[in-house]
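What follows is one structure encoded as structure tokens, with my remarks underneath.
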Amino acid sequence: MRTLHLLRHAEAQWQSPGPDGDRVRPLSSRGVQQARGVGAFLRDAGVDLILASSATRARQTAEALGLGLPVIARDEIYNAGAQQILLQLRSVPEGCNCVVVVGHAPGIPALAHLLADESSVPAARAVIAYRYPPATLATLGVHGSWAKLRTARLAGARIAP
């Protein structure tokens, strides 16, 4: 079984001025701490690949996880919907068994809900049912290949303190 972690970026600073203001917003100091906490949680998870939105706050979140892996930043994940993120996941190399995707709301929460099948843990569903604040992590068990990903088992969900 493969593992997919869907992480909403950690808390960012308020809007930056200029036409690219949203894209270049950095993490707040609280956001850096949130990301480090998620990284500590994931330290022994065997993560093979980190995909992140190209937005500054998503890249900084991925880097602050401290997992010692390169971060692959993709414009296609920036403010993407669930289906667009799913397309990115379907191109993950089959040799990867544990992937973290760092993105934005509403795409990341929507994808967690879209993928969660009937075998999902009710308590995990309850955690993300009505909210998915910054630095929330959903963990899904994926059966089969990335290329054919359609559903998964929502095994856990963690909201950062």
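Going through the structure tokens in order, the chains are called A, B, and so on, while each chain numbers its residues from 1 and the ligands are numbered from 1 in the order shown.
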
Discussion item. Need the shell around Ala157 (chain A): protein/DNA/RNA residues with any atom at most 12 Å away, counting only C-alpha atoms. Skip same-chain ones fewer than 5 positions apart. Format as number ranges by chain?
Written reply: A: 4-8, 38, 41, 109, 112-113, 116, 120-129, 131-133, 135-140

Create the file for the chosen residues now, containing C-alpha atoms and written as a short mmCIF file (atom, residue, chain, number, x, y, z; two decimals), in the first residue's frame.
```cif
data_model
loop_
_atom_site.label_atom_id
_atom_site.label_comp_id
_atom_site.auth_asym_id
_atom_site.auth_seq_id
_atom_site.Cartn_x
_atom_site.Cartn_y
_atom_site.Cartn_z
CA LEU A 4 -0.52 10.01 0.46
CA HIS A 5 -0.30 12.98 2.82
CA LEU A 6 -2.35 16.02 1.82
CA LEU A 7 -1.08 19.10 3.64
CA ARG A 8 -2.54 22.56 3.51
CA VAL A 38 4.13 18.44 10.91
CA PHE A 41 5.11 13.96 12.87
CA PRO A 109 -9.43 19.61 1.47
CA ALA A 112 -9.14 14.59 0.73
CA HIS A 113 -12.94 14.37 0.63
CA ALA A 116 -11.86 9.15 0.93
CA SER A 120 -12.10 5.52 5.71
CA VAL A 121 -11.74 5.97 9.46
CA PRO A 122 -14.83 7.82 10.77
CA ALA A 123 -12.80 9.81 13.31
CA ALA A 124 -10.48 11.05 10.55
CA ARG A 125 -13.47 12.07 8.44
CA ALA A 126 -14.88 13.96 11.42
CA VAL A 127 -11.64 15.93 11.90
CA ILE A 128 -11.77 17.38 8.38
CA ALA A 129 -15.54 17.37 7.86
CA ARG A 131 -12.68 22.69 8.54
CA TYR A 132 -9.17 22.27 7.19
CA PRO A 133 -7.15 25.14 8.66
CA ALA A 135 -1.07 23.01 8.45
CA THR A 136 -3.83 20.37 8.50
CA LEU A 137 -2.61 16.98 7.31
CA ALA A 138 -4.78 14.18 5.95
CA THR A 139 -3.19 10.74 5.56
CA LEU A 140 -4.61 8.35 3.00
#
```

Practice prompt. Please give the complete set of residues from region 53-135 of chain A that DSSP, run on the backbone, assigns to strand (DSSP E or B), formatted as a PyMOL selection string.
Written response: chain A and resi 53+71-74+98-103+116

File of the preceding selection, C-alpha atoms, as a PDB file, in the first residue's frame:
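Below is the file that was written, part.pdb:
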```pdb
ATOM      1  CA  SER A  53       2.512  24.535  -5.017  1.00  0.00           C
ATOM      2  CA  VAL A  71      10.831  19.922  -2.940  1.00  0.00           C
ATOM      3  CA  ILE A  72       9.293  19.752  -6.400  1.00  0.00           C
ATOM      4  CA  ALA A  73       7.346  22.980  -6.834  1.00  0.00           C
ATOM      5  CA  ARG A  74       4.641  23.000  -9.502  1.00  0.00           C
ATOM      6  CA  CYS A  98       4.917   7.822   0.247  1.00  0.00           C
ATOM      7  CA  VAL A  99       4.105  11.274  -1.135  1.00  0.00           C
ATOM      8  CA  VAL A 100       3.360  14.611   0.530  1.00  0.00           C
ATOM      9  CA  VAL A 101       1.448  17.250  -1.440  1.00  0.00           C
ATOM     10  CA  VAL A 102       1.558  20.782  -0.030  1.00  0.00           C
ATOM     11  CA  GLY A 103      -1.137  23.006  -1.460  1.00  0.00           C
ATOM     12  CA  ALA A 116     -11.858   9.150   0.929  1.00  0.00           C
TER      13      ALA A 116
END
```

Discussion item. When DSSP is applied to the backbone of this structure, which of region 16-64 of chain A are assigned alpha helix (DSSP H)? Write them out as a list of chain:residue names.
Written reply: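 Answer for region 16-64 of chain A, restricted to alpha helix (DSSP H): A:Ser29, A:Arg30, A:Gly31, A:Val32, A:Gln33, A:Gln34, A:Ala35, A:Arg36, A:Gly37, A:Val38, A:Gly39, A:Ala40, A:Phe41, A:Leu42, A:Thr56, A:Arg57, A:Ala58, A:Arg59, A:Gln60, A:Thr61, A:Ala62, A:Glu63, A:Ala64.
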
Discussion item. Excluding Gln33 (chain A) and its own-chain neighbours fewer than 3 positions away, which residues fall within 10 Å of it when counting only C-alpha atoms? Please give them as a ChimeraX atom specification.
Written reply: /A:10-11,27-30,36-39,61,64-65,135,160-161

Selection from above, C-alpha atoms, as a compact mmCIF listing (two decimals), in the first residue's frame, can you write it?
```txt
# COMPACT_ATOMS: atom_id res chain seq x y z
CA ALA A 10 1.07 26.47 7.17
CA GLU A 11 -0.09 29.90 8.34
CA LEU A 27 4.96 31.96 6.19
CA SER A 28 4.41 33.71 9.47
CA SER A 29 6.64 32.75 12.40
CA ARG A 30 3.72 30.65 13.69
CA ARG A 36 8.18 21.97 11.77
CA GLY A 37 5.60 20.21 13.93
CA VAL A 38 4.13 18.44 10.91
CA GLY A 39 7.67 17.50 9.86
CA THR A 61 6.04 24.84 4.36
CA ALA A 64 10.30 23.58 6.92
CA LEU A 65 9.12 19.98 7.23
CA ALA A 135 -1.07 23.01 8.45
CA ALA A 160 -1.90 21.72 13.82
CA PRO A 161 -2.15 23.30 17.26
```

Item to complete: Check the smallest atom-to-atom distance from each of A:Ser145, A:Thr151, A:Gln88, A:Ser54 to His104 (chain A) using only C-alpha atoms, then report the winner.
Response: A:Ser54

Worksheet item: In terms of the shortest atom-to-atom distance over only C-alpha atoms, which of A:Ile50, A:Ser119, A:Arg150, A:Ala45 is closest to Ala82 (chain A)?
Response: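 Of A:Ile50, A:Ser119, A:Arg150, A:Ala45, the one nearest Ala82 (chain A), counting only C-alpha atoms, is A:Arg150.
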